[in-house]
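Engineer: Sharing a structure here in structure tokens format.
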Amino acid sequence: MVVGNGREIVMAYKIHYSDYPGTDTGPPDPLRWVGPQGNPGPPGEDGVAGPPGAASTVPGPPGPPGADSAVPGPAGPPGTTTFAGLTGQATYAQLPVEVQQIPVVFAFSGKPATGALVNAPMAMAVTIPSGLVGTVVYDTIQATSNAVFTVNKISGGTTITALGTVTVTSASHTSASLAGAGGSLAVGDVLQCVSPVQDATLSDVGITILCSRV
């Protein structure tokens, strides 16, 4: 409004749409011009894939077991035990003790006469342990006094070597004391047991010498 010479001059100015883009009369009246919300537009196109993330430090769960292979794997190294680890020809020393050992039995029927002999020719090489360890005895009628049986080796058919003694005592049907250095016998050697002076009562004596194959 401009006042001059006592007159009011009213000038109207229409705001052009260019001052408020999108309108023709000026800024919109928020109370009159806000209409209901329109329907959402369609989704936009997928953006460009981002770079791959850093590798995880947490291991994932184990996968299922694979199918059995039809091709066997290579042979493992030899075992550490004496028998399981064999790579060449086995020896008796590598076998369990129960397999290495063989018993040789000397049986005297009735009362053994003085100097009675029982000879056992060896069809294989064996050793007799020191002290005749493992030797056992049995008598049906116990001795009146100790009876000392001698164990010998006969080699070459004539050479006699003492290996030890088995002393049958009167304490029980199986009591005996053992002594001697033992020794080795080759194929063809003879293991011999010689009875002592005849005891008054000792009868039906069996003596088993435990040998080891070599």
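In the structure tokens, chains take letters A, B, ... by order of appearance, with residues numbered from 1 within each chain and ligands from 1 in the order shown.
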Fewer than 4 positions away in the same chain doesn't count, so skip those; otherwise give me all residues within 8 Å of region 96-112 of chain A, counting only C-alpha atoms, as a list in words.
Structural biologist: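 That gives Tyr92, Ala116, Val118, Ala120, Cys193, Ser195, Gln198, Asp199, Thr201, Leu202, Ser203, Asp204, Val205, Gly206, Ile207, Thr208, Ile209, Leu210, Cys211, Ser212, Arg213 and Val214 of chain A.
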Engineer: Restricting it to all heavy atoms, dump the selection as a short mmCIF file (atom, residue, chain, number, x, y, z; two decimals), in the first residue's frame.
Structural biologist:
```
data_model
loop_
_atom_site.label_atom_id
_atom_site.label_comp_id
_atom_site.auth_asym_id
_atom_site.auth_seq_id
_atom_site.Cartn_x
_atom_site.Cartn_y
_atom_site.Cartn_z
N TYR A 92 61.54 -117.82 16.00
CA TYR A 92 60.80 -118.22 17.19
C TYR A 92 60.94 -117.20 18.31
O TYR A 92 60.03 -117.02 19.12
CB TYR A 92 61.26 -119.60 17.66
CG TYR A 92 60.77 -120.71 16.75
CD1 TYR A 92 61.62 -121.31 15.84
CD2 TYR A 92 59.45 -121.13 16.81
CE1 TYR A 92 61.16 -122.32 15.00
CE2 TYR A 92 58.98 -122.13 15.97
CZ TYR A 92 59.85 -122.73 15.07
OH TYR A 92 59.39 -123.71 14.24
N ALA A 116 68.51 -145.28 36.25
CA ALA A 116 67.60 -145.49 35.11
C ALA A 116 67.66 -144.27 34.18
O ALA A 116 67.73 -143.12 34.63
CB ALA A 116 66.19 -145.70 35.60
N VAL A 118 66.20 -142.09 30.73
CA VAL A 118 65.17 -141.79 29.73
C VAL A 118 65.79 -140.79 28.77
O VAL A 118 66.25 -139.72 29.17
CB VAL A 118 63.89 -141.20 30.35
CG1 VAL A 118 62.89 -140.85 29.25
CG2 VAL A 118 63.28 -142.17 31.34
N ALA A 120 65.52 -138.44 25.20
CA ALA A 120 64.59 -137.75 24.29
C ALA A 120 65.39 -137.09 23.19
O ALA A 120 65.94 -135.99 23.38
CB ALA A 120 63.77 -136.72 25.05
N CYS A 193 67.51 -137.75 31.04
CA CYS A 193 67.24 -137.64 32.47
C CYS A 193 67.66 -138.95 33.13
O CYS A 193 67.26 -140.04 32.69
CB CYS A 193 65.77 -137.36 32.72
SG CYS A 193 65.39 -136.95 34.45
N SER A 195 67.96 -141.14 36.76
CA SER A 195 67.44 -141.24 38.12
C SER A 195 68.56 -141.49 39.13
O SER A 195 69.61 -142.05 38.78
CB SER A 195 66.40 -142.35 38.21
OG SER A 195 67.02 -143.61 38.01
N GLN A 198 67.88 -145.56 44.00
CA GLN A 198 66.45 -145.81 44.18
C GLN A 198 65.99 -145.44 45.59
O GLN A 198 66.60 -145.83 46.59
CB GLN A 198 66.13 -147.28 43.90
CG GLN A 198 64.64 -147.57 43.86
CD GLN A 198 64.35 -149.02 43.53
OE1 GLN A 198 64.85 -149.94 44.21
NE2 GLN A 198 63.55 -149.24 42.48
N ASP A 199 64.91 -144.66 45.64
CA ASP A 199 64.32 -144.26 46.92
C ASP A 199 63.42 -145.38 47.42
O ASP A 199 62.87 -146.17 46.63
CB ASP A 199 63.53 -142.97 46.74
CG ASP A 199 62.95 -142.44 48.02
OD1 ASP A 199 63.70 -141.81 48.79
OD2 ASP A 199 61.74 -142.65 48.24
N THR A 201 60.44 -145.27 48.65
CA THR A 201 59.01 -145.16 48.36
C THR A 201 58.68 -144.42 47.07
O THR A 201 57.57 -144.58 46.53
CB THR A 201 58.30 -144.41 49.51
OG1 THR A 201 58.94 -143.15 49.72
CG2 THR A 201 58.38 -145.23 50.80
N LEU A 202 59.54 -143.57 46.57
CA LEU A 202 59.23 -142.74 45.39
C LEU A 202 58.82 -143.61 44.22
O LEU A 202 59.56 -144.49 43.79
CB LEU A 202 60.44 -141.89 45.02
CG LEU A 202 60.25 -140.94 43.82
CD1 LEU A 202 59.20 -139.88 44.12
CD2 LEU A 202 61.57 -140.29 43.45
N SER A 203 57.61 -143.33 43.67
CA SER A 203 57.10 -144.14 42.56
C SER A 203 56.35 -143.28 41.56
O SER A 203 55.74 -142.25 41.91
CB SER A 203 56.15 -145.23 43.08
OG SER A 203 56.82 -146.12 43.95
N ASP A 204 56.38 -143.78 40.32
CA ASP A 204 55.61 -143.17 39.22
C ASP A 204 55.89 -141.66 39.14
O ASP A 204 55.02 -140.82 39.37
CB ASP A 204 54.12 -143.42 39.38
CG ASP A 204 53.79 -144.91 39.39
OD1 ASP A 204 54.48 -145.67 38.70
OD2 ASP A 204 52.85 -145.31 40.12
N VAL A 205 57.10 -141.35 38.76
CA VAL A 205 57.55 -139.96 38.72
C VAL A 205 57.49 -139.44 37.28
O VAL A 205 57.92 -140.11 36.34
CB VAL A 205 58.99 -139.84 39.26
CG1 VAL A 205 59.41 -138.36 39.29
CG2 VAL A 205 59.10 -140.45 40.64
N GLY A 206 56.97 -138.22 37.16
CA GLY A 206 57.00 -137.54 35.87
C GLY A 206 57.71 -136.20 36.02
O GLY A 206 57.41 -135.43 36.94
N ILE A 207 58.67 -135.93 35.13
CA ILE A 207 59.41 -134.66 35.15
C ILE A 207 59.27 -134.02 33.78
O ILE A 207 59.60 -134.64 32.76
CB ILE A 207 60.90 -134.88 35.49
CG1 ILE A 207 61.05 -135.54 36.87
CG2 ILE A 207 61.65 -133.56 35.43
CD1 ILE A 207 62.48 -135.91 37.20
N THR A 208 58.79 -132.79 33.74
CA THR A 208 58.63 -132.06 32.48
C THR A 208 59.62 -130.90 32.43
O THR A 208 59.58 -130.01 33.27
CB THR A 208 57.20 -131.53 32.32
OG1 THR A 208 56.28 -132.62 32.33
CG2 THR A 208 57.05 -130.75 31.01
N ILE A 209 60.52 -130.95 31.43
CA ILE A 209 61.48 -129.87 31.20
C ILE A 209 60.89 -128.93 30.14
O ILE A 209 60.49 -129.38 29.07
CB ILE A 209 62.83 -130.42 30.71
CG1 ILE A 209 63.36 -131.51 31.65
CG2 ILE A 209 63.84 -129.28 30.56
CD1 ILE A 209 63.71 -131.03 33.02
N LEU A 210 60.84 -127.64 30.48
CA LEU A 210 60.28 -126.67 29.54
C LEU A 210 61.41 -126.07 28.69
O LEU A 210 62.31 -125.40 29.20
CB LEU A 210 59.56 -125.55 30.29
CG LEU A 210 58.60 -124.68 29.48
CD1 LEU A 210 57.52 -125.50 28.82
CD2 LEU A 210 57.99 -123.62 30.38
N CYS A 211 61.37 -126.34 27.38
CA CYS A 211 62.40 -125.88 26.44
C CYS A 211 61.85 -124.74 25.58
O CYS A 211 60.62 -124.54 25.51
CB CYS A 211 62.85 -127.02 25.53
SG CYS A 211 63.31 -128.54 26.39
N SER A 212 62.74 -124.04 24.92
CA SER A 212 62.33 -122.98 24.00
C SER A 212 62.93 -123.25 22.63
O SER A 212 64.12 -123.59 22.51
CB SER A 212 62.79 -121.61 24.49
OG SER A 212 62.17 -121.27 25.70
N ARG A 213 62.12 -123.09 21.60
CA ARG A 213 62.61 -123.28 20.24
C ARG A 213 63.46 -122.09 19.82
O ARG A 213 63.26 -120.96 20.25
CB ARG A 213 61.44 -123.45 19.28
CG ARG A 213 60.65 -124.73 19.52
CD ARG A 213 59.90 -125.15 18.28
NE ARG A 213 60.80 -125.40 17.17
CZ ARG A 213 60.40 -125.82 15.97
NH1 ARG A 213 59.10 -126.01 15.73
NH2 ARG A 213 61.26 -126.02 14.98
N VAL A 214 64.41 -122.38 18.94
CA VAL A 214 65.28 -121.32 18.42
C VAL A 214 65.34 -121.40 16.91
O VAL A 214 64.96 -122.40 16.31
CB VAL A 214 66.71 -121.45 19.00
CG1 VAL A 214 66.67 -121.13 20.50
CG2 VAL A 214 67.29 -122.81 18.77
#
```
Engineer: Of the residues A:Thr57, A:Ser145, A:Ser155, A:Ser130, which is the one nearest to Thr169 (chain A), using only C-alpha atoms?
Structural biologist: A:Ser145
Engineer: Pick from A:Leu163, A:Thr135, A:Asn152, A:Pro196: nearest to Ser175 (chain A), with only C-alpha atoms counted?
Structural biologist: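 Looking only at the distances to Ser175 (chain A), the closest residue turns out to be A:Thr135.
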